[in-house]
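K.L.:
Right, I'll just put the structure down here and ask away after.
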Amino acid sequence: MDGQPNIRLQIQSNTLFLSGVRELVYHVASRVGFCDEHCGQMALAVDEAICNVIRHGYGRAPDRPIWISLHCDGGIATPDTHGTSPTTALRIVIEDEARQVDIATIKSRDLDEIRPGGLGVHIIQQVMDDVKYEHRSDHNGLGMRLTMTKVRGPHEHSGPAETDDQAEDASGKASAGSACSDAASQPKDQGR
Amino acid sequence: MSTNGKLDVQTAIAGDTAILTPVGDIDINTQPVLAAAIKQRQTENGIIRLVIDLTGVSYMDSSGVATLVQALQTARKRNTKLVLAAPQQRVLTILQIARLDSVFRIVGDLESAKSV
């Protein structure tokens, strides 16, 4: 992996912690300049990825480790950037120490079949711009790594990074934040 | 963004219609609460329509979608109706991603749902 993450978090594989991770991802994405819609999509993707680790990697064991790393590619705002976020993309890495699986078997299922479950991989691929599954090579033959990247759209480069006041205002709102005007905010394939 | 990851489900009965009002996040942790409420109402005698008012759901992941799909399957088996009312955009989006927005009956407000 290139570069140290801006944030690295370790959680236990307990579903109780999912909402906290979602909130973290949402707010970090917001602070580095993503619109509300994309922040929500990244939170959803991370949620789905962690659920897959918990269910399929760890068989719902609640005490196994999961690592979440956030990389603000392009850098983060400093006093020198004059309030504009230089972050070009948010790269999110999910790692575990579960048994390694054949990556070719990690794929979306047929959506024409109306049945519960099996949507996590599809959702991740739909909302993130780049998705890569790998075997970890640093963990005694165990562990998977999922790298998901979301690129800031052109409309997200037009404004400054969120100020502290704006962050406080946003945290009190439900999903009534600014909608993306970017076409990329729509599901990638609406029909066949 | 969310209501601290919790989910509360209120229930109301209006004639032959049961109305469930979940408020909060529907994820793998909270979906059993919704699933239990759905199961209870769908198996009640005299209920031909189950409305799930999604106005207060600020977040839903594929676990929530799976719960709704199971409810739909049950409704079809029992020849009853299932209507989703007033989903927030974020919830509607995940249904669209899953290509279920045309499978479920989705209406924009609760009153319309009661007469579907």
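Chain labels follow the order of the structure tokens: the first chain is A, the next B, and so on; residue numbering restarts at 1 in every chain, and ligands are counted from 1 in their shown order.
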For chain A, work out the contacting residues on chain B at 12 Å, counting only C-alpha atoms, and write them as a tab-separated table (two decimals) with all heavy atoms, in the first residue's frame.
P.N.:
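Done, and the output landed in selection-v5.tsv:
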chain	number	residue	atom	x	y	z
B	1	MET	N	-26.38	12.48	10.05
B	1	MET	CA	-26.64	11.43	9.06
B	1	MET	C	-27.59	10.38	9.64
B	1	MET	O	-28.45	9.89	8.94
B	1	MET	CB	-25.31	10.77	8.70
B	1	MET	CG	-25.48	9.61	7.75
B	1	MET	SD	-24.06	8.52	7.76
B	1	MET	CE	-24.71	7.19	6.80
B	2	SER	N	-27.45	9.96	10.86
B	2	SER	CA	-28.28	8.86	11.36
B	2	SER	C	-28.73	9.20	12.79
B	2	SER	O	-28.45	10.25	13.32
B	2	SER	CB	-27.50	7.56	11.35
B	2	SER	OG	-26.57	7.55	12.40
B	3	THR	N	-29.45	8.28	13.35
B	3	THR	CA	-29.95	8.45	14.71
B	3	THR	C	-29.21	7.51	15.64
B	3	THR	O	-29.83	6.72	16.33
B	3	THR	CB	-31.46	8.19	14.74
B	3	THR	OG1	-31.72	6.91	14.16
B	3	THR	CG2	-32.21	9.25	13.99
B	4	ASN	N	-27.89	7.59	15.65
B	4	ASN	CA	-27.06	6.79	16.54
B	4	ASN	C	-27.21	5.30	16.33
B	4	ASN	O	-27.03	4.53	17.26
B	4	ASN	CB	-27.35	7.15	18.00
B	4	ASN	CG	-27.07	8.61	18.26
B	4	ASN	OD1	-26.07	9.15	17.79
B	4	ASN	ND2	-27.94	9.27	18.98
B	5	GLY	N	-27.60	4.86	15.14
B	5	GLY	CA	-27.63	3.44	14.84
B	5	GLY	C	-28.78	2.68	15.47
B	5	GLY	O	-28.79	1.46	15.47
B	6	LYS	N	-29.74	3.39	16.04
B	6	LYS	CA	-30.85	2.70	16.71
B	6	LYS	C	-32.07	2.66	15.80
B	6	LYS	O	-32.18	3.41	14.84
B	6	LYS	CB	-31.19	3.42	18.01
B	6	LYS	CG	-30.08	3.35	19.03
B	6	LYS	CD	-30.42	4.12	20.28
B	6	LYS	CE	-29.25	4.12	21.25
B	6	LYS	NZ	-29.46	5.05	22.37
B	7	LEU	N	-33.00	1.78	16.14
B	7	LEU	CA	-34.24	1.69	15.38
B	7	LEU	C	-35.40	1.47	16.35
B	7	LEU	O	-35.34	0.59	17.21
B	7	LEU	CB	-34.18	0.53	14.38
B	7	LEU	CG	-35.40	0.39	13.47
B	7	LEU	CD1	-35.43	1.52	12.45
B	7	LEU	CD2	-35.41	-0.96	12.77
B	23	VAL	N	-38.29	4.12	12.82
B	23	VAL	CA	-37.58	5.40	12.89
B	23	VAL	C	-36.14	5.12	13.28
B	23	VAL	O	-35.88	4.52	14.31
B	23	VAL	CB	-38.23	6.35	13.93
B	23	VAL	CG1	-37.41	7.64	14.04
B	23	VAL	CG2	-39.66	6.66	13.55
B	24	GLY	N	-35.21	5.55	12.41
B	24	GLY	CA	-33.80	5.36	12.70
B	24	GLY	C	-33.09	4.67	11.56
B	24	GLY	O	-33.40	4.88	10.40
B	25	ASP	N	-32.10	3.87	11.88
B	25	ASP	CA	-31.28	3.16	10.90
B	25	ASP	C	-31.70	1.70	10.81
B	25	ASP	O	-31.91	1.06	11.84
B	25	ASP	CB	-29.80	3.18	11.31
B	25	ASP	CG	-29.21	4.57	11.35
B	25	ASP	OD1	-29.90	5.53	10.95
B	25	ASP	OD2	-28.04	4.69	11.78
B	26	ILE	N	-31.81	1.21	9.59
B	26	ILE	CA	-32.05	-0.23	9.39
B	26	ILE	C	-30.76	-0.83	8.86
B	26	ILE	O	-30.38	-0.62	7.70
B	26	ILE	CB	-33.20	-0.49	8.41
B	26	ILE	CG1	-34.47	0.27	8.83
B	26	ILE	CG2	-33.49	-1.99	8.35
B	26	ILE	CD1	-35.62	0.15	7.85
B	27	ASP	N	-30.06	-1.56	9.70
B	27	ASP	CA	-28.83	-2.24	9.28
B	27	ASP	C	-28.82	-3.64	9.87
B	27	ASP	O	-29.83	-4.08	10.44
B	27	ASP	CB	-27.60	-1.42	9.66
B	27	ASP	CG	-27.39	-1.31	11.17
B	27	ASP	OD1	-28.10	-1.98	11.94
B	27	ASP	OD2	-26.50	-0.53	11.59
B	28	ILE	N	-27.70	-4.33	9.74
B	28	ILE	CA	-27.64	-5.72	10.17
B	28	ILE	C	-27.92	-5.84	11.68
B	28	ILE	O	-28.43	-6.85	12.16
B	28	ILE	CB	-26.26	-6.32	9.81
B	28	ILE	CG1	-26.23	-7.83	10.06
B	28	ILE	CG2	-25.14	-5.63	10.58
B	28	ILE	CD1	-24.94	-8.49	9.58
B	29	ASN	N	-27.60	-4.77	12.41
B	29	ASN	CA	-27.79	-4.79	13.85
B	29	ASN	C	-29.26	-4.58	14.25
B	29	ASN	O	-29.74	-5.17	15.21
B	29	ASN	CB	-26.92	-3.69	14.47
B	29	ASN	CG	-26.75	-3.86	15.96
B	29	ASN	OD1	-26.44	-4.94	16.45
B	29	ASN	ND2	-26.97	-2.78	16.69
B	30	THR	N	-29.97	-3.76	13.52
B	30	THR	CA	-31.33	-3.38	13.91
B	30	THR	C	-32.41	-4.08	13.11
B	30	THR	O	-33.58	-4.06	13.51
B	30	THR	CB	-31.53	-1.86	13.76
B	30	THR	OG1	-31.34	-1.49	12.39
B	30	THR	CG2	-30.56	-1.08	14.65
B	31	GLN	N	-32.06	-4.73	12.00
B	31	GLN	CA	-33.10	-5.29	11.14
B	31	GLN	C	-33.94	-6.37	11.85
B	31	GLN	O	-35.11	-6.51	11.52
B	31	GLN	CB	-32.55	-5.78	9.79
B	31	GLN	CG	-31.61	-6.94	9.80
B	31	GLN	CD	-32.27	-8.31	9.93
B	31	GLN	OE1	-31.76	-9.19	10.59
B	31	GLN	NE2	-33.42	-8.50	9.31
B	55	THR	N	-40.71	7.23	6.24
B	55	THR	CA	-40.39	8.64	6.41
B	55	THR	C	-39.23	8.85	7.39
B	55	THR	O	-38.37	9.70	7.20
B	55	THR	CB	-41.61	9.42	6.93
B	55	THR	OG1	-42.74	9.12	6.12
B	55	THR	CG2	-41.35	10.91	6.92
B	56	GLY	N	-39.26	8.09	8.45
B	56	GLY	CA	-38.29	8.30	9.53
B	56	GLY	C	-37.04	7.43	9.44
B	56	GLY	O	-36.26	7.37	10.38
B	57	VAL	N	-36.85	6.76	8.31
B	57	VAL	CA	-35.67	5.91	8.15
B	57	VAL	C	-34.60	6.71	7.43
B	57	VAL	O	-34.75	7.03	6.26
B	57	VAL	CB	-36.00	4.62	7.37
B	57	VAL	CG1	-34.73	3.80	7.12
B	57	VAL	CG2	-37.02	3.79	8.15
B	58	SER	N	-33.55	7.01	8.15
B	58	SER	CA	-32.51	7.86	7.57
B	58	SER	C	-31.39	7.06	6.94
B	58	SER	O	-30.55	7.59	6.23
B	58	SER	CB	-31.93	8.77	8.66
B	58	SER	OG	-31.58	8.01	9.80
B	59	TYR	N	-31.37	5.75	7.21
B	59	TYR	CA	-30.32	4.92	6.63
B	59	TYR	C	-30.83	3.49	6.51
B	59	TYR	O	-31.49	2.97	7.42
B	59	TYR	CB	-29.06	4.93	7.52
B	59	TYR	CG	-27.99	4.01	7.00
B	59	TYR	CD1	-27.10	4.43	6.01
B	59	TYR	CD2	-27.88	2.70	7.47
B	59	TYR	CE1	-26.14	3.57	5.50
B	59	TYR	CE2	-26.91	1.85	6.97
B	59	TYR	CZ	-26.04	2.28	5.98
B	59	TYR	OH	-25.09	1.44	5.47
B	60	MET	N	-30.52	2.87	5.39
B	60	MET	CA	-30.86	1.45	5.22
B	60	MET	C	-29.78	0.80	4.37
B	60	MET	O	-29.39	1.36	3.34
B	60	MET	CB	-32.23	1.27	4.55
B	60	MET	CG	-32.69	-0.17	4.47
B	60	MET	SD	-34.41	-0.33	3.95
B	60	MET	CE	-34.24	-0.06	2.19
B	61	ASP	N	-29.32	-0.36	4.79
B	61	ASP	CA	-28.33	-1.08	3.98
B	61	ASP	C	-28.99	-2.33	3.41
B	61	ASP	O	-30.21	-2.50	3.48
B	61	ASP	CB	-27.07	-1.39	4.78
B	61	ASP	CG	-27.30	-2.38	5.92
B	61	ASP	OD1	-28.40	-2.96	6.02
B	61	ASP	OD2	-26.36	-2.57	6.71
B	62	SER	N	-28.19	-3.25	2.87
B	62	SER	CA	-28.77	-4.41	2.21
B	62	SER	C	-29.47	-5.34	3.20
B	62	SER	O	-30.32	-6.14	2.80
B	62	SER	CB	-27.70	-5.17	1.43
B	62	SER	OG	-26.70	-5.67	2.29
B	63	SER	N	-29.12	-5.26	4.48
B	63	SER	CA	-29.86	-6.05	5.47
B	63	SER	C	-31.31	-5.58	5.54
B	63	SER	O	-32.23	-6.40	5.65
B	63	SER	CB	-29.24	-5.87	6.86
B	63	SER	OG	-27.89	-6.18	6.87
B	64	GLY	N	-31.50	-4.29	5.48
B	64	GLY	CA	-32.85	-3.75	5.46
B	64	GLY	C	-33.58	-4.13	4.19
B	64	GLY	O	-34.76	-4.49	4.22
B	65	VAL	N	-32.88	-4.08	3.09
B	65	VAL	CA	-33.48	-4.48	1.82
B	65	VAL	C	-33.91	-5.94	1.88
B	65	VAL	O	-35.01	-6.30	1.46
B	65	VAL	CB	-32.49	-4.27	0.65
B	65	VAL	CG1	-33.06	-4.82	-0.65
B	65	VAL	CG2	-32.16	-2.79	0.49
B	66	ALA	N	-33.06	-6.78	2.44
B	66	ALA	CA	-33.39	-8.20	2.56
B	66	ALA	C	-34.64	-8.39	3.41
B	66	ALA	O	-35.49	-9.24	3.10
B	66	ALA	CB	-32.21	-8.95	3.18
B	67	THR	N	-34.77	-7.63	4.48
B	67	THR	CA	-35.95	-7.72	5.33
B	67	THR	C	-37.21	-7.34	4.55
B	67	THR	O	-38.25	-7.99	4.68
B	67	THR	CB	-35.79	-6.80	6.55
B	67	THR	OG1	-34.62	-7.19	7.27
B	67	THR	CG2	-37.00	-6.86	7.48
B	68	LEU	N	-37.11	-6.31	3.75
B	68	LEU	CA	-38.27	-5.89	2.95
B	68	LEU	C	-38.59	-6.93	1.89
B	68	LEU	O	-39.77	-7.20	1.60
B	68	LEU	CB	-37.99	-4.53	2.30
B	68	LEU	CG	-37.82	-3.35	3.25
B	68	LEU	CD1	-37.54	-2.06	2.48
B	68	LEU	CD2	-39.03	-3.16	4.15
B	69	VAL	N	-37.59	-7.52	1.30
B	69	VAL	CA	-37.82	-8.56	0.28
B	69	VAL	C	-38.52	-9.77	0.92
B	69	VAL	O	-39.44	-10.34	0.34
B	69	VAL	CB	-36.51	-8.97	-0.41
B	69	VAL	CG1	-36.71	-10.23	-1.27
B	69	VAL	CG2	-35.98	-7.84	-1.26
B	70	GLN	N	-38.07	-10.14	2.10
B	70	GLN	CA	-38.73	-11.25	2.80
B	70	GLN	C	-40.18	-10.90	3.08
B	70	GLN	O	-41.07	-11.76	2.94
B	70	GLN	CB	-38.01	-11.54	4.12
B	70	GLN	CG	-36.75	-12.36	3.94
B	70	GLN	CD	-36.00	-12.59	5.23
B	70	GLN	OE1	-35.87	-11.68	6.05
B	70	GLN	NE2	-35.48	-13.78	5.40
B	71	ALA	N	-40.44	-9.66	3.46
B	71	ALA	CA	-41.81	-9.24	3.71
B	71	ALA	C	-42.63	-9.32	2.43
B	71	ALA	O	-43.81	-9.71	2.45
B	71	ALA	CB	-41.82	-7.81	4.26
B	72	LEU	N	-42.02	-8.96	1.32
B	72	LEU	CA	-42.72	-9.02	0.04
B	72	LEU	C	-43.05	-10.46	-0.33
B	72	LEU	O	-44.15	-10.76	-0.79
B	72	LEU	CB	-41.86	-8.37	-1.04
B	72	LEU	CG	-42.46	-8.34	-2.45
B	72	LEU	CD1	-43.72	-7.50	-2.48
B	72	LEU	CD2	-41.44	-7.80	-3.46
B	73	GLN	N	-42.10	-11.34	-0.11
B	73	GLN	CA	-42.33	-12.75	-0.41
B	73	GLN	C	-43.48	-13.30	0.44
B	73	GLN	O	-44.33	-14.05	-0.05
B	73	GLN	CB	-41.05	-13.56	-0.17
B	73	GLN	CG	-39.97	-13.29	-1.20
B	73	GLN	CD	-38.66	-14.02	-0.91
B	73	GLN	OE1	-38.33	-14.27	0.26
B	73	GLN	NE2	-37.91	-14.34	-1.95
B	74	THR	N	-43.51	-12.92	1.70
B	74	THR	CA	-44.59	-13.36	2.59
B	74	THR	C	-45.92	-12.80	2.13
B	74	THR	O	-46.95	-13.51	2.11
B	74	THR	CB	-44.32	-12.93	4.04
B	74	THR	OG1	-43.09	-13.51	4.47
B	74	THR	CG2	-45.44	-13.35	4.97
B	87	PRO	N	-40.25	6.89	1.21
B	87	PRO	CA	-38.84	6.66	1.54
B	87	PRO	C	-38.01	7.92	1.28
B	87	PRO	O	-38.25	8.64	0.31
B	87	PRO	CB	-38.43	5.54	0.58
B	87	PRO	CG	-39.36	5.68	-0.58
B	87	PRO	CD	-40.65	6.18	-0.02
B	88	GLN	N	-37.04	8.17	2.16
B	88	GLN	CA	-36.10	9.26	1.91
B	88	GLN	C	-35.25	8.88	0.70
B	88	GLN	O	-35.13	7.71	0.34
B	88	GLN	CB	-35.22	9.49	3.14
B	88	GLN	CG	-35.98	9.99	4.35
B	88	GLN	CD	-35.07	10.37	5.51
B	88	GLN	OE1	-33.89	10.69	5.32
B	88	GLN	NE2	-35.61	10.36	6.72
B	89	GLN	N	-34.62	9.88	0.11
B	89	GLN	CA	-33.88	9.62	-1.12
B	89	GLN	C	-32.79	8.58	-0.94
B	89	GLN	O	-32.57	7.73	-1.80
B	89	GLN	CB	-33.24	10.93	-1.63
B	89	GLN	CG	-32.53	10.77	-2.98
B	89	GLN	CD	-33.43	10.23	-4.07
B	89	GLN	OE1	-34.51	10.75	-4.32
B	89	GLN	NE2	-32.99	9.17	-4.75
B	90	ARG	N	-32.12	8.63	0.21
B	90	ARG	CA	-31.04	7.68	0.44
B	90	ARG	C	-31.56	6.24	0.46
B	90	ARG	O	-30.90	5.32	0.00
B	90	ARG	CB	-30.36	8.01	1.76
B	90	ARG	CG	-29.03	7.33	1.97
B	90	ARG	CD	-28.32	7.93	3.15
B	90	ARG	NE	-27.67	9.19	2.83
B	90	ARG	CZ	-27.43	10.16	3.68
B	90	ARG	NH1	-27.79	10.03	4.95
B	90	ARG	NH2	-26.83	11.27	3.31
B	91	VAL	N	-32.75	6.05	0.99
B	91	VAL	CA	-33.37	4.72	1.05
B	91	VAL	C	-33.85	4.32	-0.34
B	91	VAL	O	-33.66	3.18	-0.78
B	91	VAL	CB	-34.52	4.72	2.07
B	91	VAL	CG1	-35.30	3.42	1.99
B	91	VAL	CG2	-33.98	4.93	3.48
B	92	LEU	N	-34.44	5.27	-1.05
B	92	LEU	CA	-34.89	4.98	-2.40
B	92	LEU	C	-33.72	4.60	-3.29
B	92	LEU	O	-33.81	3.70	-4.13
B	92	LEU	CB	-35.62	6.20	-2.96
B	92	LEU	CG	-36.29	6.03	-4.32
B	92	LEU	CD1	-37.31	4.90	-4.29
B	92	LEU	CD2	-36.95	7.34	-4.73
B	93	THR	N	-32.59	5.26	-3.07
B	93	THR	CA	-31.42	4.98	-3.90
B	93	THR	C	-30.96	3.54	-3.75
B	93	THR	O	-30.61	2.89	-4.74
B	93	THR	CB	-30.27	5.95	-3.55
B	93	THR	OG1	-30.67	7.28	-3.89
B	93	THR	CG2	-29.01	5.60	-4.32
B	94	ILE	N	-30.92	3.02	-2.54
B	94	ILE	CA	-30.46	1.64	-2.39
B	94	ILE	C	-31.45	0.68	-3.03
B	94	ILE	O	-31.06	-0.36	-3.57
B	94	ILE	CB	-30.14	1.27	-0.92
B	94	ILE	CG1	-29.43	-0.07	-0.86
B	94	ILE	CG2	-31.36	1.31	-0.04
B	94	ILE	CD1	-28.92	-0.47	0.51
B	95	LEU	N	-32.73	1.00	-2.99
B	95	LEU	CA	-33.72	0.15	-3.69
B	95	LEU	C	-33.50	0.22	-5.19
B	95	LEU	O	-33.64	-0.78	-5.90
B	95	LEU	CB	-35.13	0.60	-3.34
B	95	LEU	CG	-35.56	0.35	-1.88
B	95	LEU	CD1	-36.90	1.02	-1.59
B	95	LEU	CD2	-35.63	-1.14	-1.57
B	96	GLN	N	-33.13	1.37	-5.69
B	96	GLN	CA	-32.83	1.52	-7.11
B	96	GLN	C	-31.58	0.73	-7.49
B	96	GLN	O	-31.54	0.06	-8.52
B	96	GLN	CB	-32.64	3.00	-7.47
B	96	GLN	CG	-33.92	3.81	-7.40
B	96	GLN	CD	-33.68	5.30	-7.51
B	96	GLN	OE1	-32.61	5.81	-7.21
B	96	GLN	NE2	-34.70	6.04	-7.92
B	97	ILE	N	-30.56	0.82	-6.65
B	97	ILE	CA	-29.32	0.08	-6.92
B	97	ILE	C	-29.60	-1.42	-7.00
B	97	ILE	O	-29.04	-2.14	-7.82
B	97	ILE	CB	-28.26	0.37	-5.84
B	97	ILE	CG1	-27.76	1.81	-5.98
B	97	ILE	CG2	-27.09	-0.60	-5.93
B	97	ILE	CD1	-26.87	2.25	-4.82
B	98	ALA	N	-30.48	-1.88	-6.11
B	98	ALA	CA	-30.83	-3.30	-6.08
B	98	ALA	C	-31.87	-3.66	-7.13
B	98	ALA	O	-32.30	-4.80	-7.21
B	98	ALA	CB	-31.36	-3.65	-4.69
B	99	ARG	N	-32.29	-2.68	-7.90
B	99	ARG	CA	-33.30	-2.85	-8.95
B	99	ARG	C	-34.61	-3.38	-8.37
B	99	ARG	O	-35.29	-4.21	-8.98
B	99	ARG	CB	-32.80	-3.76	-10.07
B	99	ARG	CG	-31.64	-3.15	-10.79
B	99	ARG	CD	-31.41	-3.76	-12.15
B	99	ARG	NE	-30.02	-3.52	-12.54
B	99	ARG	CZ	-29.18	-4.45	-12.95
B	99	ARG	NH1	-29.58	-5.70	-13.07
B	99	ARG	NH2	-27.96	-4.15	-13.28
B	100	LEU	N	-34.94	-2.89	-7.21
B	100	LEU	CA	-36.18	-3.30	-6.55
B	100	LEU	C	-37.20	-2.16	-6.50
B	100	LEU	O	-38.30	-2.35	-5.99
B	100	LEU	CB	-35.88	-3.78	-5.12
B	100	LEU	CG	-35.08	-5.07	-5.03
B	100	LEU	CD1	-34.63	-5.31	-3.60
B	100	LEU	CD2	-35.92	-6.26	-5.52
B	101	ASP	N	-36.84	-1.01	-7.04
B	101	ASP	CA	-37.76	0.12	-6.97
B	101	ASP	C	-39.00	-0.10	-7.82
B	101	ASP	O	-40.03	0.50	-7.59
B	101	ASP	CB	-37.04	1.41	-7.39
B	101	ASP	CG	-36.33	1.30	-8.72
B	101	ASP	OD1	-35.64	0.27	-8.95
B	101	ASP	OD2	-36.43	2.23	-9.53
B	102	SER	N	-38.90	-1.00	-8.80
B	102	SER	CA	-40.08	-1.30	-9.60
B	102	SER	C	-40.75	-2.60	-9.16
B	102	SER	O	-41.81	-2.97	-9.67
B	102	SER	CB	-39.72	-1.39	-11.09
B	102	SER	OG	-38.70	-2.36	-11.26
B	103	VAL	N	-40.13	-3.27	-8.21
B	103	VAL	CA	-40.70	-4.53	-7.70
B	103	VAL	C	-41.64	-4.24	-6.53
B	103	VAL	O	-42.72	-4.82	-6.42
B	103	VAL	CB	-39.56	-5.49	-7.26
B	103	VAL	CG1	-40.12	-6.70	-6.55
B	103	VAL	CG2	-38.72	-5.89	-8.47
B	104	PHE	N	-41.22	-3.36	-5.66
B	104	PHE	CA	-42.06	-2.94	-4.54
B	104	PHE	C	-43.07	-1.91	-5.02
B	104	PHE	O	-42.83	-1.16	-5.95
B	104	PHE	CB	-41.21	-2.29	-3.43
B	104	PHE	CG	-40.41	-3.27	-2.62
B	104	PHE	CD1	-39.05	-3.43	-2.85
B	104	PHE	CD2	-41.02	-4.02	-1.62
B	104	PHE	CE1	-38.31	-4.32	-2.10
B	104	PHE	CE2	-40.28	-4.91	-0.86
B	104	PHE	CZ	-38.92	-5.06	-1.11
K.L.:
Name the residues in contact with region 131-148 of chain A at a cut-off of 8 Å, using only C-alpha atoms, excluding same-chain residues fewer than 5 positions from it; report them as a PyMOL selection string.
P.N.:
chain A and resi 49+91-101+103+124-125
K.L.:
Based on the selection just made, write C-alpha atoms of those residues as a PDB file, in the first residue's frame.
P.N.:
ATOM      1  CA  ALA A  49     -17.975  -4.310   3.235  1.00  0.00           C
ATOM      2  CA  ARG A  91      -9.554   5.625  -0.642  1.00  0.00           C
ATOM      3  CA  ILE A  92     -11.003   3.287   1.952  1.00  0.00           C
ATOM      4  CA  VAL A  93      -9.259   0.030   2.836  1.00  0.00           C
ATOM      5  CA  ILE A  94     -10.952  -2.748   4.781  1.00  0.00           C
ATOM      6  CA  GLU A  95      -8.702  -5.527   6.088  1.00  0.00           C
ATOM      7  CA  ASP A  96      -9.344  -8.643   8.082  1.00  0.00           C
ATOM      8  CA  GLU A  97      -7.568 -11.830   9.092  1.00  0.00           C
ATOM      9  CA  ALA A  98     -10.197 -14.243   7.819  1.00  0.00           C
ATOM     10  CA  ARG A  99      -9.528 -17.216   5.587  1.00  0.00           C
ATOM     11  CA  GLN A 100      -8.547 -16.142   2.120  1.00  0.00           C
ATOM     12  CA  VAL A 101     -11.054 -16.834  -0.628  1.00  0.00           C
ATOM     13  CA  ILE A 103     -11.219 -13.481  -5.567  1.00  0.00           C
ATOM     14  CA  ILE A 124     -20.170  -1.547  -3.287  1.00  0.00           C
ATOM     15  CA  GLN A 125     -19.420  -1.766  -6.999  1.00  0.00           C
TER      16      GLN A 125
END
K.L.:
Identify, with DSSP run on backbone atoms, the residues in region 8-94 of chain B assigned to strand (DSSP E), and express the list as number ranges by chain.
P.N.:
B: 8-14, 17-26, 49-53, 57-60, 81-85
K.L.:
Set the distance at 9 Å and use only C-alpha atoms: which residues neighbour region 41-53 of chain B once local chain neighbours fewer than 5 positions away are removed? I'd like the list as a list in words.
P.N.:
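The residues satisfying every condition are Thr11, Ile13, Gly15, Asp16, Thr17, Ala18, Ile19, Leu20, Thr21, Pro22, Ala36, Ala71, Thr74, Ala75, Arg78, Asn79, Thr80, Lys81, Leu82, Val83, Leu84, Ala85, Ala86, Pro87, Asp109, Leu110, Ala113, Lys114 and Val116 of chain B.
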K.L.:
DSSP on the backbone, alpha helix (DSSP H) only: what residues of region 8-158 of chain A does that give? Format it as a ChimeraX atom specification.
P.N.:
/A:18-31,36-52,120-127
K.L.:
One number please: CA of Ser115 (chain B) to CA of Ala12 (chain B), in Å, one decimal.
P.N.:
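Distance between the two atoms: 15.3 Å.
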